[in-house]
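Trainee: So I've got this file, run_13.cif, and it contains mmCIF, C-alpha atoms and all ligand atoms:
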```
data_coords
loop_
_atom_site.group_PDB
_atom_site.id
_atom_site.type_symbol
_atom_site.label_atom_id
_atom_site.label_comp_id
_atom_site.auth_asym_id
_atom_site.auth_seq_id
_atom_site.Cartn_x
_atom_site.Cartn_y
_atom_site.Cartn_z
ATOM 1 C CA MET A 50 -12.393 3.435 15.170
ATOM 2 C CA ASP A 51 -10.454 5.325 17.820
ATOM 3 C CA LEU A 52 -6.820 4.298 17.306
ATOM 4 C CA SER A 53 -5.696 4.780 20.892
ATOM 5 C CA GLY A 54 -4.618 1.446 22.380
ATOM 6 C CA ARG A 55 -5.363 -0.474 19.145
ATOM 7 C CA CYS A 56 -2.948 -3.116 17.845
ATOM 8 C CA VAL A 57 -1.848 -2.554 14.261
ATOM 9 C CA LEU A 58 0.078 -4.872 11.948
ATOM 10 C CA LEU A 59 1.745 -2.687 9.305
ATOM 11 C CA THR A 60 3.579 -4.222 6.357
ATOM 12 C CA GLY A 61 6.338 -2.290 4.616
ATOM 13 C CA GLY A 62 7.508 -0.611 7.818
ATOM 14 C CA SER A 63 11.205 -0.419 6.966
ATOM 15 C CA ARG A 64 11.374 2.494 4.517
ATOM 16 C CA GLY A 65 9.416 4.810 2.225
ATOM 17 C CA ILE A 66 5.843 5.692 3.199
ATOM 18 C CA GLY A 67 5.452 2.908 5.814
ATOM 19 C CA PRO A 68 7.496 4.603 8.591
ATOM 20 C CA VAL A 69 5.530 7.848 8.066
ATOM 21 C CA ILE A 70 2.231 5.946 8.423
ATOM 22 C CA ALA A 71 3.641 4.168 11.506
ATOM 23 C CA GLU A 72 4.465 7.487 13.133
ATOM 24 C CA ALA A 73 1.006 8.940 12.398
ATOM 25 C CA LEU A 74 -0.601 5.882 14.027
ATOM 26 C CA ALA A 75 1.773 5.938 17.021
ATOM 27 C CA ARG A 76 0.956 9.611 17.536
ATOM 28 C CA ARG A 77 -2.656 8.530 18.023
ATOM 29 C CA GLY A 78 -1.619 5.928 20.593
ATOM 30 C CA ALA A 79 -1.745 2.768 18.470
ATOM 31 C CA HIS A 80 0.593 -0.153 19.259
ATOM 32 C CA LEU A 81 2.538 -1.243 16.213
ATOM 33 C CA ALA A 82 3.897 -4.508 14.834
ATOM 34 C CA LEU A 83 6.007 -3.720 11.794
ATOM 35 C CA THR A 84 7.123 -6.158 9.160
ATOM 36 C CA ALA A 85 9.426 -5.970 6.097
ATOM 37 C CA ARG A 86 12.568 -7.825 5.012
ATOM 38 C CA SER A 87 15.110 -5.342 6.350
ATOM 39 C CA GLU A 88 15.653 -5.810 10.087
ATOM 40 C CA GLU A 89 17.830 -2.704 10.131
ATOM 41 C CA GLY A 90 15.118 -0.606 8.473
ATOM 42 C CA LEU A 91 12.478 -1.881 10.893
ATOM 43 C CA HIS A 92 14.621 -1.001 13.902
ATOM 44 C CA ARG A 93 15.255 2.463 12.489
ATOM 45 C CA THR A 94 11.485 2.965 12.389
ATOM 46 C CA LEU A 95 11.034 1.574 15.907
ATOM 47 C CA ASP A 96 13.668 4.022 17.194
ATOM 48 C CA ALA A 97 11.697 6.898 15.673
ATOM 49 C CA LEU A 98 8.501 5.656 17.369
ATOM 50 C CA ARG A 99 10.049 5.429 20.846
ATOM 51 C CA PRO A 100 9.051 8.992 21.954
ATOM 52 C CA HIS A 101 5.376 8.058 21.484
ATOM 53 C CA GLY A 102 5.563 5.464 24.271
ATOM 54 C CA VAL A 103 3.480 2.825 22.447
ATOM 55 C CA ARG A 104 4.266 -0.913 22.300
ATOM 56 C CA THR A 105 6.222 -1.857 19.183
ATOM 57 C CA ILE A 106 7.706 -4.979 17.663
ATOM 58 C CA ALA A 107 9.698 -5.643 14.517
ATOM 59 C CA ILE A 108 9.049 -8.883 12.653
ATOM 60 C CA PRO A 109 11.516 -9.259 9.775
ATOM 61 C CA ALA A 110 9.957 -11.414 7.047
ATOM 62 C CA ASP A 111 9.785 -11.857 3.295
ATOM 63 C CA LEU A 112 6.091 -11.547 2.449
ATOM 64 C CA ALA A 113 6.632 -13.246 -0.903
ATOM 65 C CA HIS A 114 6.465 -16.579 0.980
ATOM 66 C CA ALA A 115 3.293 -18.042 2.507
ATOM 67 C CA ALA A 116 5.133 -19.633 5.461
ATOM 68 C CA GLU A 117 6.684 -16.267 6.321
ATOM 69 C CA ARG A 118 3.258 -14.604 6.293
ATOM 70 C CA GLU A 119 1.944 -17.277 8.669
ATOM 71 C CA ARG A 120 4.951 -16.730 10.938
ATOM 72 C CA VAL A 121 4.322 -12.965 11.033
ATOM 73 C CA VAL A 122 0.698 -13.466 12.081
ATOM 74 C CA ALA A 123 1.608 -16.062 14.727
ATOM 75 C CA ARG A 124 4.259 -13.740 16.158
ATOM 76 C CA VAL A 125 2.045 -10.645 16.315
ATOM 77 C CA LEU A 126 -0.800 -12.604 17.948
ATOM 78 C CA ASP A 127 1.666 -14.050 20.418
ATOM 79 C CA GLU A 128 2.899 -10.572 21.308
ATOM 80 C CA PHE A 129 -0.299 -8.477 21.164
ATOM 81 C CA GLY A 130 -3.018 -11.129 21.552
ATOM 82 C CA ARG A 131 -5.021 -9.610 18.683
ATOM 83 C CA VAL A 132 -4.785 -7.411 15.602
ATOM 84 C CA ASP A 133 -7.317 -4.568 15.407
ATOM 85 C CA VAL A 134 -5.949 -3.067 12.203
ATOM 86 C CA LEU A 135 -4.192 -4.875 9.374
ATOM 87 C CA LEU A 136 -2.459 -2.343 7.166
ATOM 88 C CA ASN A 137 -1.294 -3.837 3.875
ATOM 89 C CA ASN A 138 1.220 -1.233 2.736
ATOM 90 C CA ALA A 139 4.234 -3.251 1.489
ATOM 91 C CA GLY A 140 4.604 -3.097 -2.264
ATOM 92 C CA LEU A 141 7.067 -4.057 -4.922
ATOM 93 C CA GLU A 142 7.635 -1.575 -7.711
ATOM 94 C CA THR A 143 8.157 -3.498 -10.904
ATOM 95 C CA GLU A 144 8.806 -1.410 -13.964
ATOM 96 C CA GLY A 145 10.177 -2.120 -17.403
ATOM 97 C CA ALA A 146 8.977 -3.443 -20.734
ATOM 98 C CA PHE A 147 6.661 -6.338 -19.850
ATOM 99 C CA VAL A 148 8.249 -8.818 -22.259
ATOM 100 C CA GLU A 149 11.719 -8.058 -20.917
ATOM 101 C CA LEU A 150 10.882 -8.557 -17.241
ATOM 102 C CA PRO A 151 11.840 -12.029 -15.970
ATOM 103 C CA TRP A 152 8.902 -14.249 -15.032
ATOM 104 C CA GLU A 153 10.320 -14.634 -11.497
ATOM 105 C CA ARG A 154 10.070 -10.858 -10.965
ATOM 106 C CA LEU A 155 6.489 -10.745 -12.278
ATOM 107 C CA ALA A 156 5.498 -13.671 -10.033
ATOM 108 C CA GLU A 157 7.131 -11.969 -7.016
ATOM 109 C CA THR A 158 5.198 -8.777 -7.783
ATOM 110 C CA ILE A 159 1.891 -10.673 -7.729
ATOM 111 C CA GLU A 160 2.946 -12.434 -4.522
ATOM 112 C CA VAL A 161 3.956 -9.273 -2.592
ATOM 113 C CA ASN A 162 1.377 -6.792 -3.943
ATOM 114 C CA LEU A 163 -1.663 -9.055 -4.161
ATOM 115 C CA THR A 164 -1.284 -12.545 -2.657
ATOM 116 C CA ALA A 165 0.304 -11.312 0.589
ATOM 117 C CA PRO A 166 -2.516 -8.833 1.425
ATOM 118 C CA VAL A 167 -5.131 -11.474 0.538
ATOM 119 C CA HIS A 168 -3.366 -14.117 2.647
ATOM 120 C CA LEU A 169 -2.804 -11.843 5.672
ATOM 121 C CA THR A 170 -6.467 -10.819 5.514
ATOM 122 C CA HIS A 171 -7.506 -14.483 5.275
ATOM 123 C CA LEU A 172 -5.440 -15.232 8.381
ATOM 124 C CA LEU A 173 -6.667 -12.285 10.479
ATOM 125 C CA LEU A 174 -10.229 -11.557 9.325
ATOM 126 C CA PRO A 175 -11.882 -14.521 11.142
ATOM 127 C CA GLN A 176 -10.795 -13.133 14.521
ATOM 128 C CA MET A 177 -11.978 -9.647 13.620
ATOM 129 C CA LEU A 178 -15.364 -11.050 12.567
ATOM 130 C CA THR A 179 -15.652 -12.996 15.835
ATOM 131 C CA ARG A 180 -15.050 -9.761 17.777
ATOM 132 C CA SER A 181 -17.313 -7.803 15.354
ATOM 133 C CA GLN A 182 -14.531 -5.244 15.198
ATOM 134 C CA GLY A 183 -11.456 -4.589 13.124
ATOM 135 C CA HIS A 184 -10.212 -2.745 10.087
ATOM 136 C CA VAL A 185 -8.245 -3.861 7.044
ATOM 137 C CA VAL A 186 -6.589 -1.074 5.052
ATOM 138 C CA HIS A 187 -4.874 -1.615 1.722
ATOM 139 C CA VAL A 188 -2.477 0.850 0.131
ATOM 140 C CA SER A 189 -3.246 0.554 -3.588
ATOM 141 C CA SER A 190 -2.280 3.265 -6.092
ATOM 142 C CA LEU A 191 -3.869 5.544 -8.680
ATOM 143 C CA ALA A 192 -2.122 3.140 -11.092
ATOM 144 C CA GLY A 193 -4.711 0.630 -9.869
ATOM 145 C CA LYS A 194 -7.435 2.916 -11.231
ATOM 146 C CA ALA A 195 -5.700 3.936 -14.454
ATOM 147 C CA ALA A 196 -3.058 1.342 -15.355
ATOM 148 C CA ILE A 197 0.203 2.800 -16.580
ATOM 149 C CA PRO A 198 2.611 1.580 -19.264
ATOM 150 C CA TYR A 199 5.928 -0.014 -18.288
ATOM 151 C CA ALA A 200 4.292 -0.822 -14.951
ATOM 152 C CA ALA A 201 1.457 -2.988 -16.255
ATOM 153 C CA MET A 202 1.985 -5.818 -13.753
ATOM 154 C CA TYR A 203 2.297 -3.393 -10.841
ATOM 155 C CA SER A 204 -0.889 -1.592 -11.973
ATOM 156 C CA GLY A 205 -2.697 -4.915 -12.428
ATOM 157 C CA THR A 206 -1.886 -6.068 -8.883
ATOM 158 C CA LYS A 207 -3.042 -2.732 -7.447
ATOM 159 C CA ALA A 208 -6.315 -2.892 -9.438
ATOM 160 C CA ALA A 209 -6.947 -6.499 -8.394
ATOM 161 C CA LEU A 210 -6.276 -5.628 -4.760
ATOM 162 C CA ALA A 211 -8.900 -2.874 -4.901
ATOM 163 C CA ARG A 212 -11.545 -4.924 -6.734
ATOM 164 C CA TRP A 213 -11.094 -7.958 -4.425
ATOM 165 C CA SER A 214 -11.341 -5.618 -1.463
ATOM 166 C CA ASP A 215 -14.613 -4.116 -2.804
ATOM 167 C CA GLY A 216 -16.149 -7.580 -3.124
ATOM 168 C CA LEU A 217 -15.037 -8.598 0.351
ATOM 169 C CA ARG A 218 -16.400 -5.389 1.887
ATOM 170 C CA ARG A 219 -19.807 -6.055 0.287
ATOM 171 C CA GLU A 220 -19.616 -9.684 1.479
ATOM 172 C CA ILE A 221 -18.969 -8.891 5.158
ATOM 173 C CA GLY A 222 -21.475 -5.997 5.118
ATOM 174 C CA ALA A 223 -22.549 -4.863 8.571
ATOM 175 C CA SER A 224 -20.266 -7.283 10.431
ATOM 176 C CA GLY A 225 -18.565 -4.434 12.285
ATOM 177 C CA VAL A 226 -15.306 -5.016 10.395
ATOM 178 C CA ARG A 227 -14.306 -2.263 7.955
ATOM 179 C CA ILE A 228 -12.237 -2.503 4.801
ATOM 180 C CA SER A 229 -10.661 0.546 3.162
ATOM 181 C CA THR A 230 -8.436 1.124 0.175
ATOM 182 C CA VAL A 231 -6.172 4.140 -0.126
ATOM 183 C CA PHE A 232 -5.104 5.284 -3.608
ATOM 184 C CA PRO A 233 -2.065 7.600 -3.590
ATOM 185 C CA GLY A 234 -0.958 9.356 -6.757
ATOM 186 C CA PHE A 235 2.734 10.139 -7.325
ATOM 187 C CA VAL A 236 4.284 10.379 -3.850
ATOM 188 C CA THR A 237 7.079 12.940 -3.445
ATOM 189 C CA GLU A 238 9.854 13.135 -0.788
ATOM 190 C CA GLN A 239 10.116 9.416 0.059
ATOM 191 C CA GLY A 240 9.251 6.062 -1.416
ATOM 192 C CA MET A 241 9.422 4.308 -4.757
ATOM 193 C CA PHE A 242 8.559 7.252 -7.033
ATOM 194 C CA ALA A 243 10.707 9.785 -5.145
ATOM 195 C CA ARG A 244 13.725 7.455 -5.550
ATOM 196 C CA SER A 245 13.455 7.784 -9.348
ATOM 197 C CA GLY A 246 14.430 11.474 -8.998
ATOM 198 C CA MET A 247 11.765 12.398 -11.598
ATOM 199 C CA GLN A 248 9.083 15.069 -11.306
ATOM 200 C CA PRO A 249 5.411 14.066 -11.506
ATOM 201 C CA PRO A 250 3.604 15.407 -14.620
ATOM 202 C CA ARG A 251 2.377 18.889 -13.700
ATOM 203 C CA LEU A 252 -1.246 18.307 -14.737
ATOM 204 C CA LEU A 253 -1.563 15.118 -12.690
ATOM 205 C CA GLY A 254 -0.618 16.416 -9.248
ATOM 206 C CA SER A 255 1.135 14.521 -6.474
ATOM 207 C CA CYS A 256 1.033 13.966 -2.719
ATOM 208 C CA THR A 257 3.413 13.644 0.219
ATOM 209 C CA PRO A 258 3.982 10.634 2.506
ATOM 210 C CA ALA A 259 2.403 12.687 5.327
ATOM 211 C CA GLN A 260 -0.769 13.100 3.237
ATOM 212 C CA VAL A 261 -0.883 9.339 2.582
ATOM 213 C CA ALA A 262 -0.480 8.726 6.321
ATOM 214 C CA ALA A 263 -3.272 11.231 7.075
ATOM 215 C CA ALA A 264 -5.509 9.448 4.553
ATOM 216 C CA VAL A 265 -4.836 6.087 6.234
ATOM 217 C CA VAL A 266 -5.697 7.572 9.647
ATOM 218 C CA GLU A 267 -8.836 9.153 8.185
ATOM 219 C CA ALA A 268 -9.897 5.844 6.600
ATOM 220 C CA ILE A 269 -9.548 4.062 9.937
ATOM 221 C CA GLU A 270 -11.201 6.755 12.035
ATOM 222 C CA SER A 271 -14.081 7.451 9.652
ATOM 223 C CA GLY A 272 -14.523 3.958 8.176
ATOM 224 C CA ARG A 273 -14.428 5.376 4.624
ATOM 225 C CA SER A 274 -14.087 2.594 2.082
ATOM 226 C CA GLU A 275 -11.976 4.546 -0.395
ATOM 227 C CA VAL A 276 -9.624 7.507 -0.162
ATOM 228 C CA VAL A 277 -7.821 9.029 -3.166
ATOM 229 C CA VAL A 278 -4.722 11.021 -2.156
ATOM 230 C CA ASN A 279 -3.684 13.567 -4.749
ATOM 231 C CA SER A 280 -3.238 17.344 -4.980
ATOM 232 C CA LEU A 281 -5.488 17.606 -8.058
ATOM 233 C CA PRO A 282 -8.999 16.146 -8.490
ATOM 234 C CA VAL A 283 -8.285 13.220 -10.827
ATOM 235 C CA ARG A 284 -11.456 11.223 -10.114
ATOM 236 C CA PRO A 285 -13.441 12.571 -13.131
ATOM 237 C CA VAL A 286 -10.579 11.706 -15.532
ATOM 238 C CA VAL A 287 -10.258 8.230 -13.984
ATOM 239 C CA ALA A 288 -14.042 7.677 -14.184
ATOM 240 C CA LEU A 289 -14.095 8.726 -17.852
ATOM 241 C CA GLY A 290 -11.140 6.439 -18.524
ATOM 242 C CA GLU A 291 -13.028 3.502 -17.015
ATOM 243 C CA LEU A 292 -16.007 4.222 -19.262
ATOM 244 C CA PHE A 293 -13.871 4.800 -22.356
ATOM 245 C CA PRO A 294 -10.496 2.957 -22.277
ATOM 246 C CA SER A 295 -9.297 4.650 -25.449
ATOM 247 C CA PHE A 296 -9.861 8.027 -23.716
ATOM 248 C CA ALA A 297 -7.591 6.781 -20.904
ATOM 249 C CA ASP A 298 -4.941 5.762 -23.485
ATOM 250 C CA TRP A 299 -5.118 9.276 -24.955
ATOM 251 C CA ALA A 300 -5.195 11.057 -21.575
ATOM 252 C CA LEU A 301 -2.161 9.174 -20.205
ATOM 253 C CA ARG A 302 -0.223 10.140 -23.344
ATOM 254 C CA ARG A 303 -1.459 13.746 -23.273
ATOM 255 C CA LEU A 304 -0.749 14.203 -19.552
ATOM 256 C CA GLY A 305 2.813 12.969 -20.028
ATOM 257 C CA VAL A 306 2.539 9.710 -18.050
ATOM 258 C CA THR A 307 3.424 7.439 -20.966
ATOM 259 C CA GLU A 308 6.539 9.497 -21.763
ATOM 260 C CA LEU A 309 7.528 9.757 -18.071
ATOM 261 C CA GLN A 310 7.297 5.981 -17.693
ATOM 262 C CA ARG A 311 9.248 5.382 -20.903
ATOM 263 C CA ARG A 312 12.069 7.667 -19.723
ATOM 264 C CA LYS A 313 11.981 6.186 -16.229
ATOM 265 C CA VAL A 314 12.736 2.682 -17.499
ATOM 266 C CA GLY A 315 15.012 3.866 -20.314
ATOM 267 C CA ALA A 316 12.882 2.335 -23.089
ATOM 268 C CA PRO A 317 13.496 3.516 -26.668
ATOM 269 C CA PRO A 318 11.096 6.128 -28.112
ATOM 270 C CA PRO A 319 8.116 4.559 -29.908
HETATM 271 N N1 LIG B 401 5.726 5.965 -3.675
HETATM 272 C C1 LIG B 401 4.727 6.176 -4.507
HETATM 273 O O1 LIG B 401 4.792 7.055 -5.371
HETATM 274 C C2 LIG B 401 3.466 5.336 -4.390
HETATM 275 C C3 LIG B 401 2.346 5.733 -5.132
HETATM 276 C C4 LIG B 401 1.190 4.978 -5.037
HETATM 277 C C5 LIG B 401 1.150 3.874 -4.219
HETATM 278 N N2 LIG B 401 2.258 3.506 -3.519
HETATM 279 C C6 LIG B 401 2.165 2.313 -2.685
HETATM 280 O O2 LIG B 401 2.514 2.647 -1.356
HETATM 281 C C7 LIG B 401 3.083 1.516 -0.708
HETATM 282 C C8 LIG B 401 4.414 1.919 -0.082
HETATM 283 O O3 LIG B 401 5.249 2.352 -1.142
HETATM 284 P P1 LIG B 401 6.651 3.074 -0.897
HETATM 285 O O4 LIG B 401 6.733 4.170 -1.865
HETATM 286 O O5 LIG B 401 6.849 3.316 0.540
HETATM 287 O O6 LIG B 401 7.624 1.918 -1.398
HETATM 288 P P2 LIG B 401 9.136 1.575 -0.951
HETATM 289 O O7 LIG B 401 9.825 2.779 -0.475
HETATM 290 O O8 LIG B 401 9.712 0.806 -2.083
HETATM 291 O O9 LIG B 401 8.904 0.612 0.298
HETATM 292 C C9 LIG B 401 8.276 -0.623 0.075
HETATM 293 C C10 LIG B 401 8.119 -1.325 1.425
HETATM 294 O O10 LIG B 401 7.623 -2.661 1.151
HETATM 295 C C11 LIG B 401 8.524 -3.600 1.746
HETATM 296 N N3 LIG B 401 8.626 -4.815 0.923
HETATM 297 C C12 LIG B 401 8.915 -4.907 -0.391
HETATM 298 N N4 LIG B 401 9.019 -6.202 -0.753
HETATM 299 C C13 LIG B 401 8.788 -6.941 0.362
HETATM 300 C C14 LIG B 401 8.772 -8.326 0.639
HETATM 301 N N5 LIG B 401 9.037 -9.253 -0.305
HETATM 302 N N6 LIG B 401 8.503 -8.739 1.900
HETATM 303 C C15 LIG B 401 8.269 -7.819 2.882
HETATM 304 N N7 LIG B 401 8.257 -6.500 2.681
HETATM 305 C C16 LIG B 401 8.522 -6.053 1.446
HETATM 306 C C17 LIG B 401 9.869 -2.865 1.796
HETATM 307 O O11 LIG B 401 10.679 -3.382 2.818
HETATM 308 P P3 LIG B 401 11.985 -4.301 2.603
HETATM 309 O O12 LIG B 401 12.652 -3.913 1.342
HETATM 310 O O13 LIG B 401 12.778 -4.045 3.848
HETATM 311 O O14 LIG B 401 11.445 -5.702 2.571
HETATM 312 C C18 LIG B 401 9.432 -1.455 2.154
HETATM 313 O O15 LIG B 401 9.238 -1.337 3.548
HETATM 314 C C19 LIG B 401 3.241 0.443 -1.782
HETATM 315 O O16 LIG B 401 2.190 -0.480 -1.705
HETATM 316 C C20 LIG B 401 3.152 1.226 -3.065
HETATM 317 O O17 LIG B 401 2.685 0.442 -4.143
HETATM 318 C C21 LIG B 401 3.417 4.208 -3.577
#
```
Would you give me this structure, written as structure tokens?
Mentor:
Amino acid sequence: MDLSGRCVLLTGGSRGIGPVIAEALARRGAHLALTARSEEGLHRTLDALRPHGVRTIAIPADLAHAAERERVVARVLDEFGRVDVLLNNAGLETEGAFVELPWERLAETIEVNLTAPVHLTHLLLPQMLTRSQGHVVHVSSLAGKAAIPYAAMYSGTKAALARWSDGLRREIGASGVRISTVFPGFVTEQGMFARSGMQPPRLLGSCTPAQVAAAVVEAIESGRSEVVVNSLPVRPVVALGELFPSFADWALRRLGVTELQRRKVGAPPP
């Protein structure tokens, strides 16, 4: 899909990777509706997009609530008349020992990371199918391919998002509507991992927000169903881990991910 003149609904547009993706899309001439809870953050992003001369709107909303998601879709359709690209980027980082995390936080994580993308797709896909054109892009995570400790719920939502998306893509087949999932590794500079102030394990690699944005653009322009964004080729390790879960347990310990996560959440040594 050529992005010029397309209408994009991007979630998570207030901070982190979202504004960088928004700018990459605006540079290609896409019109952007941005949503997130922070009105201030959304307007900061819109200000940065102004030089690109594309149409933009900010729709502050809490995606943890179904009525809010419906309001976002109604508003963007009212403003743009259609959505060509739905970009499910908003995510809630939930880390800590699973048993110590309050149920409300776990439920919110499922709602924002999984239910919201499913619901927004359910609301917008029928119109894309009618036009035989459109693209839904999800921002998952490498944690959705190899689930990490002290972020089990987060990893689970990212894995479910990807598997649901695979099934849906096979279901709609040659309808003309594309579905892609982008899997970033540890993202440096901005976003949830960068805020921790920790360094990614050396043997696992990392990526920048600009590389994630480039991967999103590539997914839309090429129609690729899956893009992994990481400086090192981790696919073989991930594939082996899927075949042999105990190998994944060992590899995550050996590569320093288990220890990094433990230190990140301040859990006691095993
Ligand atoms: N950073 C990484 O290392 C990394 C790695 C792999 C994958 N990812 C994925 O990349 C995506 C973006 O991550 P990021 O690093 O940019 O995270 P971030 O800096 O924490 O930003 C998260 C975005 O989601 C929005 N959001 C969170 N809860 C929301 C809610 N209830 N309703 C509406 N919007 C909500 C936030 O806006 P408000 O707070 O204003 O609502 C913000 O715009 C996420 O899906 C994340 O899982 C990130």
Trainee: Find the nearest atom pair between each residue of stretch 132-174 of chain A and stretch 301-316 of chain A for residues within 10 Å, count all atoms listed in the file, give distances in Å to one decimal, sort rows by chain and ascending number, and present the table as a tab-separated table.
Mentor:
```
residue	atom	partner	partner_atom	distance
A:Glu144	CA	A:Val314	CA	6.7
A:Gly145	CA	A:Val314	CA	5.4
A:Ala146	CA	A:Ala316	CA	7.4
```
Trainee: Under the rule of at most 6 Å, produce a per-residue listing of chain A near ligand LIG 401 (chain B): chain, number, name, the closest pair of atoms, and the distance in Å, as JSON lines, using only C-alpha atoms and all ligand atoms.
Mentor:
```
{"residue": "A:Gly61", "atom": "CA", "partner": "B:LIG401", "partner_atom": "O15", "distance": 3.2}
{"residue": "A:Gly62", "atom": "CA", "partner": "B:LIG401", "partner_atom": "O15", "distance": 4.7}
{"residue": "A:Ser63", "atom": "CA", "partner": "B:LIG401", "partner_atom": "O15", "distance": 4.0}
{"residue": "A:Arg64", "atom": "CA", "partner": "B:LIG401", "partner_atom": "O15", "distance": 4.5}
{"residue": "A:Gly65", "atom": "CA", "partner": "B:LIG401", "partner_atom": "O7", "distance": 3.4}
{"residue": "A:Ile66", "atom": "CA", "partner": "B:LIG401", "partner_atom": "O5", "distance": 3.7}
{"residue": "A:Gly67", "atom": "CA", "partner": "B:LIG401", "partner_atom": "O5", "distance": 5.5}
{"residue": "A:Ala85", "atom": "CA", "partner": "B:LIG401", "partner_atom": "N7", "distance": 3.6}
{"residue": "A:Arg86", "atom": "CA", "partner": "B:LIG401", "partner_atom": "O14", "distance": 3.4}
{"residue": "A:Ser87", "atom": "CA", "partner": "B:LIG401", "partner_atom": "O13", "distance": 3.7}
{"residue": "A:Ala110", "atom": "CA", "partner": "B:LIG401", "partner_atom": "C15", "distance": 5.8}
{"residue": "A:Asp111", "atom": "CA", "partner": "B:LIG401", "partner_atom": "N6", "distance": 3.6}
{"residue": "A:Leu112", "atom": "CA", "partner": "B:LIG401", "partner_atom": "N6", "distance": 3.7}
{"residue": "A:Ala113", "atom": "CA", "partner": "B:LIG401", "partner_atom": "N5", "distance": 4.7}
{"residue": "A:Asn138", "atom": "CA", "partner": "B:LIG401", "partner_atom": "O16", "distance": 4.6}
{"residue": "A:Ala139", "atom": "CA", "partner": "B:LIG401", "partner_atom": "O10", "distance": 3.5}
{"residue": "A:Gly140", "atom": "CA", "partner": "B:LIG401", "partner_atom": "O16", "distance": 3.6}
{"residue": "A:Leu141", "atom": "CA", "partner": "B:LIG401", "partner_atom": "C12", "distance": 5.0}
{"residue": "A:Val161", "atom": "CA", "partner": "B:LIG401", "partner_atom": "N5", "distance": 5.6}
{"residue": "A:Val188", "atom": "CA", "partner": "B:LIG401", "partner_atom": "O16", "distance": 5.2}
{"residue": "A:Ser189", "atom": "CA", "partner": "B:LIG401", "partner_atom": "C5", "distance": 5.5}
{"residue": "A:Ser190", "atom": "CA", "partner": "B:LIG401", "partner_atom": "C5", "distance": 4.0}
{"residue": "A:Pro233", "atom": "CA", "partner": "B:LIG401", "partner_atom": "C4", "distance": 4.4}
{"residue": "A:Gly234", "atom": "CA", "partner": "B:LIG401", "partner_atom": "C3", "distance": 5.2}
{"residue": "A:Phe235", "atom": "CA", "partner": "B:LIG401", "partner_atom": "O1", "distance": 4.2}
{"residue": "A:Val236", "atom": "CA", "partner": "B:LIG401", "partner_atom": "O1", "distance": 3.7}
{"residue": "A:Gly240", "atom": "CA", "partner": "B:LIG401", "partner_atom": "O4", "distance": 3.2}
{"residue": "A:Met241", "atom": "CA", "partner": "B:LIG401", "partner_atom": "O4", "distance": 4.0}
{"residue": "A:Phe242", "atom": "CA", "partner": "B:LIG401", "partner_atom": "O1", "distance": 4.1}
```
Trainee: Export, as a PDB file, in the frame of the given file, the selected residues with C-alpha atoms.
Mentor:
```
ATOM      1  CA  GLY A  61       6.338  -2.290   4.616  1.00  0.00           C
ATOM      2  CA  GLY A  62       7.508  -0.611   7.818  1.00  0.00           C
ATOM      3  CA  SER A  63      11.205  -0.419   6.966  1.00  0.00           C
ATOM      4  CA  ARG A  64      11.374   2.494   4.517  1.00  0.00           C
ATOM      5  CA  GLY A  65       9.416   4.810   2.225  1.00  0.00           C
ATOM      6  CA  ILE A  66       5.843   5.692   3.199  1.00  0.00           C
ATOM      7  CA  GLY A  67       5.452   2.908   5.814  1.00  0.00           C
ATOM      8  CA  ALA A  85       9.426  -5.970   6.097  1.00  0.00           C
ATOM      9  CA  ARG A  86      12.568  -7.825   5.012  1.00  0.00           C
ATOM     10  CA  SER A  87      15.110  -5.342   6.350  1.00  0.00           C
ATOM     11  CA  ALA A 110       9.957 -11.414   7.047  1.00  0.00           C
ATOM     12  CA  ASP A 111       9.785 -11.857   3.295  1.00  0.00           C
ATOM     13  CA  LEU A 112       6.091 -11.547   2.449  1.00  0.00           C
ATOM     14  CA  ALA A 113       6.632 -13.246  -0.903  1.00  0.00           C
ATOM     15  CA  ASN A 138       1.220  -1.233   2.736  1.00  0.00           C
ATOM     16  CA  ALA A 139       4.234  -3.251   1.489  1.00  0.00           C
ATOM     17  CA  GLY A 140       4.604  -3.097  -2.264  1.00  0.00           C
ATOM     18  CA  LEU A 141       7.067  -4.057  -4.922  1.00  0.00           C
ATOM     19  CA  VAL A 161       3.956  -9.273  -2.592  1.00  0.00           C
ATOM     20  CA  VAL A 188      -2.477   0.850   0.131  1.00  0.00           C
ATOM     21  CA  SER A 189      -3.246   0.554  -3.588  1.00  0.00           C
ATOM     22  CA  SER A 190      -2.280   3.265  -6.092  1.00  0.00           C
ATOM     23  CA  PRO A 233      -2.065   7.600  -3.590  1.00  0.00           C
ATOM     24  CA  GLY A 234      -0.958   9.356  -6.757  1.00  0.00           C
ATOM     25  CA  PHE A 235       2.734  10.139  -7.325  1.00  0.00           C
ATOM     26  CA  VAL A 236       4.284  10.379  -3.850  1.00  0.00           C
ATOM     27  CA  GLY A 240       9.251   6.062  -1.416  1.00  0.00           C
ATOM     28  CA  MET A 241       9.422   4.308  -4.757  1.00  0.00           C
ATOM     29  CA  PHE A 242       8.559   7.252  -7.033  1.00  0.00           C
TER      30      PHE A 242
END
```
Trainee: Return as an NGL selection string the set of residues that the PyMOL selection byres (((chain A and resi 166) around 9) and not hetatm) yields on the displayed structure.
Mentor: :A and (136-139 or 160-165 or 167-171 or 187 or 210)
Trainee: Skip A:Phe232 itself and residues of its chain fewer than 3 positions away, then list as a ChimeraX atom specification all residues within 12 Å of it, counting all atoms listed in the file.
Mentor: /A:138,186-195,204,207-208,210-211,229,235-236,255-256,260-262,264-265,268,274-279,283-284,287
Trainee: Quick one, how far is atom CA of A:Val69 from atom CA of A:Arg180?
Mentor: 28.8 Å
Trainee: Using all atoms listed in the file, which residues sit within 10 Å of A:Glu72 once same-chain residues fewer than 6 positions away are excluded, as a PyMOL selection string?
Mentor: chain A and resi 78-79+81+94-95+97-99+101+259+262
